[in-house]
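Undergrad: Got work_24.txt for you, compact mmCIF, C-alpha atoms:
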# COMPACT_ATOMS: atom_id res chain seq x y z
CA MET L 28 134.47 90.74 75.31
CA LYS L 29 135.90 91.90 78.63
CA GLU L 30 133.24 94.60 78.77
CA LEU L 31 130.53 91.95 78.29
CA PHE L 32 131.95 89.82 81.06
CA ILE L 33 131.95 92.81 83.42
CA MET L 34 128.33 93.39 82.43
CA PHE L 35 127.52 89.74 83.18
CA LEU L 36 129.05 90.12 86.65
CA SER L 37 127.11 93.33 87.30
CA PHE L 38 123.84 91.66 86.44
CA PHE L 39 124.78 88.60 88.46
CA LYS L 40 125.23 90.87 91.47
CA ILE L 41 121.90 92.54 90.76
CA GLY L 42 120.14 89.17 90.45
CA ALA L 43 121.69 87.88 93.66
CA PHE L 44 120.45 90.79 95.76
CA THR L 45 117.03 91.45 94.29
CA PHE L 46 114.62 90.86 97.14
CA GLY L 47 110.92 91.57 97.06
CA GLY L 48 110.51 91.65 93.29
CA GLY L 49 111.44 94.01 90.50
CA TYR L 50 110.91 97.51 91.85
CA ALA L 51 113.17 97.01 94.86
CA MET L 52 115.92 96.23 92.37
CA ILE L 53 115.81 99.64 90.67
CA PRO L 54 118.22 101.47 93.03
CA LEU L 55 120.65 98.56 92.68
CA ILE L 56 120.59 98.55 88.87
CA GLU L 57 120.86 102.33 88.86
CA ARG L 58 123.90 102.22 91.12
CA GLU L 59 125.59 99.60 88.93
CA VAL L 60 124.83 100.72 85.38
CA VAL L 61 124.34 104.49 85.80
CA ASP L 62 126.54 105.60 88.72
CA ASN L 63 129.36 103.05 88.78
CA ARG L 64 129.76 101.91 85.19
CA LYS L 65 128.22 104.91 83.41
CA TRP L 66 126.91 102.64 80.65
CA ILE L 67 123.72 104.69 80.34
CA SER L 68 122.49 108.09 81.50
CA LYS L 69 119.89 108.70 84.19
CA GLU L 70 117.32 109.74 81.57
CA GLU L 71 117.96 106.65 79.44
CA PHE L 72 117.59 104.53 82.55
CA THR L 73 114.13 105.94 83.27
CA ASP L 74 113.09 105.32 79.66
CA ILE L 75 114.37 101.74 79.80
CA LEU L 76 112.26 101.10 82.89
CA VAL L 77 109.20 102.64 81.24
CA ILE L 78 109.67 100.43 78.18
CA ALA L 79 110.46 97.33 80.27
CA GLN L 80 107.25 97.89 82.16
CA SER L 81 105.18 98.02 78.99
CA PHE L 82 106.30 94.56 77.86
CA PRO L 83 105.14 91.22 79.24
CA GLY L 84 107.53 89.51 81.61
CA ALA L 85 109.44 90.37 84.75
CA MET L 86 110.73 93.92 84.99
CA PRO L 87 114.31 92.93 86.03
CA VAL L 88 114.49 90.51 83.11
CA ASN L 89 113.20 93.03 80.58
CA SER L 90 115.36 95.93 81.73
CA SER L 91 118.50 93.79 81.83
CA LEU L 92 117.71 92.66 78.27
CA PHE L 93 117.41 96.26 77.09
CA ILE L 94 120.64 97.35 78.70
CA GLY L 95 122.46 94.21 77.48
CA TYR L 96 121.21 94.63 73.93
CA LYS L 97 122.15 98.28 73.89
CA LEU L 98 125.69 97.55 75.06
CA GLY L 99 126.45 94.45 73.06
CA GLY L 100 123.65 93.45 70.68
CA ILE L 101 122.19 89.94 70.92
CA ILE L 102 125.24 88.56 72.74
CA GLY L 103 125.00 91.40 75.23
CA ALA L 104 121.32 90.61 75.81
CA VAL L 105 122.13 86.91 76.39
CA MET L 106 124.91 87.78 78.87
CA ALA L 107 122.71 90.24 80.75
CA ILE L 108 119.76 87.87 81.07
CA LEU L 109 121.99 84.96 82.13
CA GLY L 110 123.56 87.21 84.74
CA VAL L 111 120.25 88.27 86.17
CA ILE L 112 118.60 84.82 86.28
CA LEU L 113 121.57 82.62 87.20
CA PRO L 114 121.72 83.53 90.92
CA SER L 115 117.99 82.81 91.36
CA PHE L 116 118.35 79.60 89.46
CA LEU L 117 121.30 78.34 91.50
CA ILE L 118 119.81 79.36 94.85
CA ILE L 119 116.47 77.72 94.11
CA ILE L 120 118.14 74.50 92.93
CA VAL L 121 120.20 74.35 96.13
CA ILE L 122 117.12 74.98 98.26
CA ALA L 123 115.10 72.38 96.36
CA LEU L 124 117.93 69.88 96.82
CA PHE L 125 118.95 70.35 100.42
CA PHE L 126 116.67 72.54 102.42
CA SER L 127 113.15 71.22 102.35
CA GLN L 128 112.70 72.88 105.74
CA PHE L 129 114.13 76.18 104.51
CA ARG L 130 110.97 78.12 105.19
CA GLU L 131 110.55 76.87 108.73
CA ASN L 132 114.14 77.62 109.71
CA PRO L 133 113.89 80.36 112.41
CA ILE L 134 117.21 82.00 111.50
CA VAL L 135 116.21 82.30 107.84
CA ASP L 136 112.82 83.58 108.93
CA ASN L 137 114.35 86.34 111.10
CA ILE L 138 116.75 87.45 108.39
CA PHE L 139 113.86 87.60 105.97
CA LYS L 140 111.73 89.63 108.38
CA GLY L 141 114.57 92.15 108.57
CA ILE L 142 115.00 92.29 104.82
CA SER L 143 111.29 92.80 104.27
CA GLY L 144 111.63 96.00 106.32
CA ALA L 145 114.17 97.30 103.80
CA VAL L 146 112.29 96.35 100.63
CA PRO L 147 109.69 99.19 100.71
CA VAL L 148 112.52 101.67 101.39
CA LEU L 149 114.35 100.51 98.26
CA VAL L 150 111.15 100.96 96.27
CA LEU L 151 110.71 104.47 97.70
CA LEU L 152 114.33 105.28 96.76
CA ALA L 153 113.51 104.13 93.23
CA VAL L 154 110.69 106.70 93.13
CA LYS L 155 113.07 109.39 94.38
CA GLY L 156 115.74 108.50 91.81
CA LEU L 157 113.35 108.31 88.87
CA SER L 158 111.54 111.55 89.66
CA LYS L 159 114.79 113.39 88.90
CA SER L 160 114.27 112.67 85.21
CA VAL L 161 110.68 113.94 85.13
CA ASN L 162 109.82 117.64 84.75
CA LYS L 163 108.24 119.10 87.84
CA ASN L 164 104.96 120.53 86.62
CA ILE L 165 101.32 120.32 87.57
CA ILE L 166 100.34 117.95 84.73
CA ASN L 167 103.02 115.41 85.58
CA LEU L 168 102.07 115.59 89.23
CA LEU L 169 98.48 114.96 88.22
CA ILE L 170 99.48 111.88 86.19
CA VAL L 171 101.37 110.52 89.20
CA VAL L 172 98.42 111.08 91.52
CA ILE L 173 95.87 109.65 89.08
CA SER L 174 98.04 106.53 88.55
CA ILE L 175 98.37 105.98 92.29
CA CYS L 176 94.62 106.37 92.87
CA ALA L 177 93.74 104.15 89.90
CA ILE L 178 95.94 101.32 91.21
CA THR L 179 95.47 101.52 94.96
CA ILE L 180 91.79 102.51 95.08
CA PHE L 181 90.27 101.20 91.85
CA ASP L 182 92.58 98.22 91.29
CA VAL L 183 93.22 99.14 87.63
CA HIS L 184 95.79 96.90 85.91
CA PRO L 185 99.17 98.70 85.55
CA ILE L 186 99.39 97.95 81.83
CA ILE L 187 96.22 100.01 81.22
CA ILE L 188 97.80 102.98 82.97
CA ILE L 189 101.02 102.64 80.98
CA PHE L 190 99.02 102.41 77.74
CA LEU L 191 96.80 105.42 78.50
CA SER L 192 99.74 107.56 79.55
CA ALA L 193 101.51 106.76 76.26
CA ILE L 194 98.39 107.78 74.30
CA TYR L 195 98.17 110.93 76.38
CA GLY L 196 101.82 111.76 75.66
CA ILE L 197 101.40 111.32 71.91
CA PHE L 198 98.13 113.28 71.82
CA LEU L 199 99.59 116.15 73.84
CA SER L 200 102.65 116.55 71.64
CA GLU L 201 100.56 116.57 68.45
CA ARG L 202 98.31 119.21 69.90
CA MET L 203 101.31 121.29 70.79
CA GLU L 204 102.73 121.01 67.27
CA SER L 205 99.51 122.07 65.55
CA MET A 23 104.06 64.87 74.85
CA ASN A 24 107.36 64.81 76.69
CA THR A 25 106.94 66.46 80.14
CA ILE A 26 109.99 68.68 79.74
CA LEU A 27 108.79 70.01 76.40
CA LYS A 28 105.35 70.52 77.91
CA LEU A 29 106.88 72.41 80.83
CA TYR A 30 108.74 74.66 78.42
CA MET A 31 105.60 75.40 76.39
CA CYS A 32 103.58 76.01 79.52
CA PHE A 33 106.06 78.53 80.96
CA PHE A 34 106.51 80.12 77.56
CA LYS A 35 102.77 80.84 77.60
CA ILE A 36 103.04 82.26 81.12
CA GLY A 37 105.82 84.56 79.87
CA VAL A 38 103.65 85.76 76.97
CA PHE A 39 100.66 86.67 79.12
CA GLY A 40 102.57 87.75 82.21
CA TYR A 41 102.05 91.46 82.03
CA GLY A 42 103.09 93.39 85.13
CA GLY A 43 105.78 91.01 86.35
CA GLY A 44 105.96 88.52 89.19
CA TYR A 45 102.81 88.95 91.23
CA ALA A 46 100.66 89.31 88.12
CA MET A 47 102.09 86.01 86.85
CA LEU A 48 101.28 83.94 89.91
CA PRO A 49 97.57 83.29 89.16
CA LEU A 50 98.58 82.32 85.62
CA ILE A 51 101.21 79.87 86.88
CA GLN A 52 98.75 78.43 89.35
CA ARG A 53 96.16 77.82 86.64
CA GLU A 54 98.67 76.09 84.37
CA VAL A 55 100.52 74.05 86.97
CA VAL A 56 97.83 73.19 89.52
CA THR A 57 94.45 73.41 87.79
CA LYS A 58 95.18 72.38 84.21
CA ASN A 59 98.11 69.97 84.39
CA ALA A 60 97.77 68.84 88.03
CA TRP A 61 101.56 68.72 88.37
CA LEU A 62 101.39 70.10 91.90
CA THR A 63 98.77 70.40 94.65
CA THR A 64 97.67 73.85 95.85
CA THR A 65 99.59 73.40 99.12
CA GLU A 66 102.80 72.48 97.29
CA PHE A 67 102.31 75.47 95.01
CA LEU A 68 101.81 77.88 97.94
CA ASP A 69 104.97 76.54 99.61
CA ILE A 70 106.90 77.22 96.43
CA ILE A 71 105.54 80.78 96.26
CA GLY A 72 106.60 81.35 99.86
CA ILE A 73 110.17 80.30 99.15
CA SER A 74 110.24 82.23 95.86
CA GLN A 75 109.34 85.40 97.72
CA MET A 76 112.03 84.86 100.34
CA THR A 77 114.90 84.10 97.99
CA PRO A 78 116.52 86.79 95.86
CA GLY A 79 115.63 87.16 92.20
CA PRO A 80 112.51 87.88 90.19
CA ILE A 81 109.57 85.92 91.61
CA SER A 82 108.56 84.54 88.20
CA ILE A 83 112.05 83.09 87.65
CA ASN A 84 112.21 81.58 91.15
CA THR A 85 108.78 80.01 90.79
CA ALA A 86 109.54 78.63 87.32
CA THR A 87 112.83 77.11 88.49
CA PHE A 88 111.23 75.55 91.55
CA VAL A 89 108.14 74.21 89.80
CA GLY A 90 110.32 72.80 87.00
CA TYR A 91 112.56 71.09 89.52
CA LYS A 92 109.64 69.58 91.44
CA ILE A 93 108.11 68.18 88.28
CA SER A 94 111.12 66.82 86.43
CA GLY A 95 114.35 67.54 88.25
CA PHE A 96 117.28 69.59 86.97
CA TRP A 97 116.32 69.67 83.30
CA GLY A 98 112.77 70.52 84.22
CA SER A 99 114.02 73.59 86.07
CA VAL A 100 116.28 74.60 83.17
CA PHE A 101 113.48 74.41 80.61
CA ALA A 102 110.81 76.01 82.79
CA THR A 103 113.17 78.95 83.48
CA LEU A 104 114.10 79.30 79.82
CA GLY A 105 110.43 79.06 78.92
CA VAL A 106 109.39 81.94 81.15
CA VAL A 107 112.02 84.31 79.71
CA SER A 108 111.92 83.21 76.04
CA PHE A 109 109.15 85.53 74.91
CA SER A 110 110.61 88.55 76.74
CA PHE A 111 113.94 87.77 75.13
CA ILE A 112 112.57 87.66 71.59
CA LEU A 113 110.25 90.62 71.99
CA VAL A 114 112.64 92.89 73.86
CA SER A 115 115.53 92.16 71.48
CA ILE A 116 113.41 93.10 68.46
CA ALA A 117 111.92 96.12 70.24
CA THR A 118 115.30 97.43 71.42
CA HIS A 119 116.62 97.18 67.89
CA TYR A 120 113.83 99.45 66.64
CA ILE A 121 113.75 101.73 69.67
CA LEU A 122 117.45 102.48 69.28
CA LYS A 123 116.82 103.15 65.59
CA PHE A 124 113.85 105.44 66.19
CA LYS A 125 114.97 106.99 69.44
CA ASP A 126 114.80 110.47 67.93
CA SER A 127 111.27 110.00 66.59
CA ASN A 128 108.76 112.44 68.02
CA VAL A 129 106.05 109.85 68.59
CA LEU A 130 108.33 107.68 70.71
CA LYS A 131 109.69 110.68 72.60
CA SER A 132 106.26 112.05 73.42
CA ALA A 133 104.87 108.63 74.38
CA LEU A 134 107.77 108.27 76.83
CA THR A 135 107.13 111.76 78.18
CA GLY A 136 103.60 110.69 79.08
CA MET A 137 104.69 107.33 80.48
CA ARG A 138 107.44 108.52 82.82
CA PRO A 139 105.18 110.10 85.46
CA ALA A 140 102.80 107.12 85.19
CA LEU A 141 105.70 104.77 85.97
CA ILE A 142 106.47 106.82 89.06
CA GLY A 143 102.83 106.45 90.10
CA LEU A 144 103.02 102.67 89.55
CA ILE A 145 106.15 102.31 91.62
CA PHE A 146 104.82 104.52 94.39
CA SER A 147 101.71 102.32 94.53
CA ALA A 148 103.99 99.30 94.89
CA PHE A 149 105.69 101.11 97.76
CA LEU A 150 102.32 101.62 99.47
CA SER A 151 101.23 98.00 99.16
CA LEU A 152 104.66 96.65 100.18
CA SER A 153 104.66 98.94 103.22
CA LYS A 154 101.30 97.59 104.27
CA GLN A 155 102.72 94.06 104.15
CA SER A 156 106.08 94.84 105.72
CA TYR A 157 105.43 97.35 108.49
CA ILE A 158 103.33 95.27 110.81
CA ASP A 159 105.12 95.90 114.12
CA ILE A 160 107.38 98.47 115.75
CA LYS A 161 110.52 96.43 114.97
CA SER A 162 109.92 96.43 111.22
CA ILE A 163 109.17 100.17 111.30
CA ILE A 164 112.47 100.82 113.12
CA ILE A 165 114.36 98.72 110.54
CA GLY A 166 112.66 100.57 107.68
CA GLY A 167 113.30 103.99 109.23
CA PHE A 168 116.93 103.20 109.90
CA ILE A 169 117.53 101.93 106.35
CA LEU A 170 115.78 104.99 104.90
CA LEU A 171 117.83 107.40 107.00
CA MET A 172 121.06 105.65 106.11
CA SER A 173 120.24 105.63 102.40
CA LEU A 174 119.38 109.32 102.37
CA LYS A 175 122.32 110.49 104.47
CA THR A 176 125.09 108.32 102.99
CA LYS A 177 125.97 106.88 99.61
CA ILE A 178 125.56 103.35 100.93
CA HIS A 179 125.27 100.60 98.30
CA PRO A 180 121.75 99.08 98.15
CA ILE A 181 123.24 95.58 98.60
CA LEU A 182 124.70 96.68 101.91
CA THR A 183 121.30 97.93 103.09
CA ILE A 184 119.87 94.45 102.41
CA VAL A 185 122.68 92.85 104.42
CA ILE A 186 122.22 95.31 107.30
CA ALA A 187 118.44 94.80 107.30
CA GLY A 188 118.97 91.02 107.45
CA GLY A 189 121.33 91.51 110.40
CA MET A 190 118.85 93.77 112.17
CA GLY A 191 116.16 91.12 111.62
CA THR A 192 118.33 88.49 113.33
CA LEU A 193 119.01 90.89 116.18
CA PHE A 194 115.45 92.16 116.68
CA TYR A 195 113.48 88.99 116.09
CA GLY A 196 115.98 86.37 117.19
CA ILE A 197 117.85 87.82 120.15
CA MET A 198 115.86 90.71 121.59
Could you show the structure in this file as structure tokens?

TA:
Amino acid sequence: MKELFIMFLSFFKIGAFTFGGGYAMIPLIEREVVDNRKWISKEEFTDILVIAQSFPGAMPVNSSLFIGYKLGGIIGAVMAILGVILPSFLIIIVIALFFSQFRENPIVDNIFKGISGAVPVLVLLAVKGLSKSVNKNIINLLIVVISICAITIFDVHPIIIIFLSAIYGIFLSERMES
Amino acid sequence: MNTILKLYMCFFKIGVFGYGGGYAMLPLIQREVVTKNAWLTTTEFLDIIGISQMTPGPISINTATFVGYKISGFWGSVFATLGVVSFSFILVSIATHYILKFKDSNVLKSALTGMRPALIGLIFSAFLSLSKQSYIDIKSIIIGGFILLMSLKTKIHPILTIVIAGGMGTLFYGIM
């Protein structure tokens, strides 16, 4: 039970400092659940993100559910998801209640401008962290490059890329076995 | 039908079809909330999106909470938020159960082997598009460069980098 409460607090912290959407949160989750708490390994973490990405819903929500379920079954999943959504929920309620001019506030605006300079860096650090659990070979590099081109140039939906790469993985391993 | 129940159902649906997370969900939310149910005007909706992007947390959760609150107060926000995560919760719980059971299966292992580099490509693409939005002047580039350098050279906690970046924003845009 104590373990689950610690997990709730970890995810609360993650939820409270997730700016700029899911990917910017990856280094934070990694620091908490892999480096600090050692609940899962680096490789498992990458796999959880891959799986979270292939399900509908927000990436932070899905990955927290996976980690929570793995650590404490259904109750673990409930604690993890509550942890990750509660900060957003409380902050939004407070803003909706008191600060109708929140967006126009110049101090808030300046802080946000600063934070938005850090968000891409956090996403880049996520790439750096995750690439440690991928073999460095020409085929993997090719998959990375093709995915980037497909999304940035041809505007392909990410789920199609995830799906095709899974098919490719399964096909390749069967060919290697036979 | 009761508005709160309707809100729940509506955000449940958004959760089901919301592949690709926050930004992919926004057009869906807009269609449900503005076009179909006329709960909010487009301007109100855009204001909500603006605030949801500025505040911490997943954008889909922030938007659901805010829209729910605007439409029917506290309980509206509770049920809209629960609605948007319900499907993920059910699906991911079932999936995790089986994934943990079959984690040594070759099909799952090889699918993941193919998906890992693709995920890196996806995230790198997000980095590119976020950079295009964020690095619009010399000040933001300095902030980004400083945060990057600090993260690579020290073991600084990511939360601290957010705090420092916010401080640098106040300094660069407010005072200097």

Undergrad: Tell me, in Å to one decimal, how far CA of Pro147 (chain L) is from CA of Pro139 (chain A).

TA: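 Atom-to-atom, CA of Pro147 (chain L) and CA of Pro139 (chain A) are spaced 19.3 Å apart.
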
Undergrad: Which residues, written as a list in words, have at least one atom at most 7 Å from Gly105 (chain A), with all atoms listed in the file counted and residues fewer than 3 positions away on the same chain left out?

TA: Tyr30, Met31, Phe33, Phe34, Phe101, Ala102 and Ser108 of chain A

Undergrad: Per residue of chain A within 6 Å of chain L, note the shortest atom pair and the distance in Å to one decimal, counting only C-alpha atoms, and order the rows by chain and increasing residue number, as a tab-separated table.

TA:
residue	atom	partner	partner_atom	distance
A:Gly37	CA	L:Gly84	CA	5.5
A:Gly40	CA	L:Pro83	CA	5.2
A:Tyr41	CA	L:Pro83	CA	4.2
A:Gly43	CA	L:Ala85	CA	4.0
A:Gly44	CA	L:Ala85	CA	5.9
A:Pro78	CA	L:Phe46	CA	4.7
A:Gly79	CA	L:Thr45	CA	5.0
A:Pro80	CA	L:Gly48	CA	5.3
A:Asn84	CA	L:Ser115	CA	5.9
A:Ser110	CA	L:Gly84	CA	5.8
A:Val129	CA	L:Ile197	CA	5.9
A:Ser132	CA	L:Gly196	CA	5.0
A:Ala133	CA	L:Ala193	CA	4.3
A:Thr135	CA	L:Gly196	CA	5.9
A:Gly136	CA	L:Gly196	CA	4.0
A:Met137	CA	L:Ser192	CA	5.0
A:Pro139	CA	L:Val171	CA	5.4
A:Ala140	CA	L:Val171	CA	5.4
A:Ile142	CA	L:Val154	CA	5.9
A:Gly143	CA	L:Val171	CA	4.4
A:Ser147	CA	L:Ile175	CA	5.4
A:Phe149	CA	L:Pro147	CA	5.3
A:Leu152	CA	L:Pro147	CA	5.7
A:Ser153	CA	L:Pro147	CA	5.6
A:Ser156	CA	L:Gly144	CA	5.7
A:Ser162	CA	L:Gly144	CA	5.2
A:Ile165	CA	L:Gly144	CA	5.7
A:Gly166	CA	L:Gly144	CA	4.9
A:Leu170	CA	L:Val148	CA	5.8
A:Pro180	CA	L:Leu55	CA	5.6
A:Ile184	CA	L:Ile142	CA	5.8
A:Ala187	CA	L:Gly141	CA	4.9
A:Gly188	CA	L:Ile138	CA	4.3
A:Met190	CA	L:Gly141	CA	5.8
A:Gly191	CA	L:Gly141	CA	3.6
A:Thr192	CA	L:Asn137	CA	5.0
A:Tyr195	CA	L:Asn137	CA	5.7

Undergrad: Could you jot down the CA of Leu130 (chain A) to CA of Ala117 (chain A) separation for me, Å, one decimal place?

TA: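 Interatomic distance here is 12.1 Å.
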
Undergrad: Restricting the calculation to only C-alpha atoms, which member of A:Asn24, A:Thr183, A:Thr103, A:Gln52 is positioned closest to Glu66 (chain A)?

TA: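 Closest to Glu66 (chain A) of all the choices is A:Gln52.
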
Undergrad: Output as JSON the centre and edge lengths (Å, one decimal) of the box along x, y and z of the file that holds every listed atom of region 147-162 of chain A after adding 4 Å on each side.

TA:
{"center_x": 105.9, "center_y": 98.2, "center_z": 105.1, "size_x": 17.3, "size_y": 16.3, "size_z": 29.2}

Undergrad: When distances are computed from all atoms listed in the file, which of L:Val183, L:Met28, L:Val121, L:Met34 shows the smallest separation from Trp66 (chain L)?

TA: L:Met34

Undergrad: Quick one: distance from CA of Leu171 (chain A) to CA of Ile145 (chain A) in Å, one decimal?

TA: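 Rounded to one decimal, the two atoms are 20.0 Å apart.
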
Undergrad: Where atoms are missing, can you supply N, CA and C atoms for region 105-124 of chain A and output the lot as a compact mmCIF listing (two decimals), in the coordinates of the input?

TA:
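The result, written out as out.txt:
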# COMPACT_ATOMS: atom_id res chain seq x y z
N GLY A 105 111.76 78.82 79.47
CA GLY A 105 110.43 79.06 78.92
C GLY A 105 109.87 80.40 79.35
N VAL A 106 110.03 80.72 80.64
CA VAL A 106 109.39 81.94 81.15
C VAL A 106 110.07 83.21 80.64
N VAL A 107 111.36 83.11 80.22
CA VAL A 107 112.02 84.31 79.71
C VAL A 107 112.10 84.37 78.18
N SER A 108 111.75 83.27 77.50
CA SER A 108 111.92 83.21 76.04
C SER A 108 111.20 84.34 75.30
N PHE A 109 109.93 84.54 75.65
CA PHE A 109 109.15 85.53 74.91
C PHE A 109 109.69 86.94 75.16
N SER A 110 110.01 87.25 76.42
CA SER A 110 110.61 88.55 76.74
C SER A 110 111.87 88.75 75.90
N PHE A 111 112.68 87.68 75.85
CA PHE A 111 113.94 87.77 75.13
C PHE A 111 113.73 88.14 73.67
N ILE A 112 112.83 87.41 73.01
CA ILE A 112 112.57 87.66 71.59
C ILE A 112 112.01 89.07 71.39
N LEU A 113 110.95 89.36 72.17
CA LEU A 113 110.25 90.62 71.99
C LEU A 113 111.14 91.82 72.31
N VAL A 114 111.83 91.75 73.44
CA VAL A 114 112.64 92.89 73.86
C VAL A 114 113.82 93.10 72.91
N SER A 115 114.42 92.00 72.42
CA SER A 115 115.53 92.16 71.48
C SER A 115 115.07 92.87 70.21
N ILE A 116 113.93 92.45 69.67
CA ILE A 116 113.41 93.10 68.46
C ILE A 116 113.06 94.56 68.77
N ALA A 117 112.36 94.76 69.89
CA ALA A 117 111.92 96.12 70.24
C ALA A 117 113.11 97.05 70.45
N THR A 118 114.14 96.57 71.15
CA THR A 118 115.30 97.43 71.42
C THR A 118 115.97 97.85 70.12
N HIS A 119 116.05 96.89 69.19
CA HIS A 119 116.62 97.18 67.89
C HIS A 119 115.92 98.40 67.26
N TYR A 120 114.58 98.36 67.27
CA TYR A 120 113.83 99.45 66.64
C TYR A 120 113.82 100.72 67.49
N ILE A 121 113.77 100.54 68.81
CA ILE A 121 113.75 101.73 69.67
C ILE A 121 115.06 102.51 69.53
N LEU A 122 116.18 101.79 69.45
CA LEU A 122 117.45 102.48 69.28
C LEU A 122 117.50 103.19 67.93
N LYS A 123 116.84 102.57 66.93
CA LYS A 123 116.82 103.15 65.59
C LYS A 123 115.94 104.40 65.55
N PHE A 124 114.82 104.34 66.26
CA PHE A 124 113.85 105.44 66.19
C PHE A 124 113.88 106.31 67.45
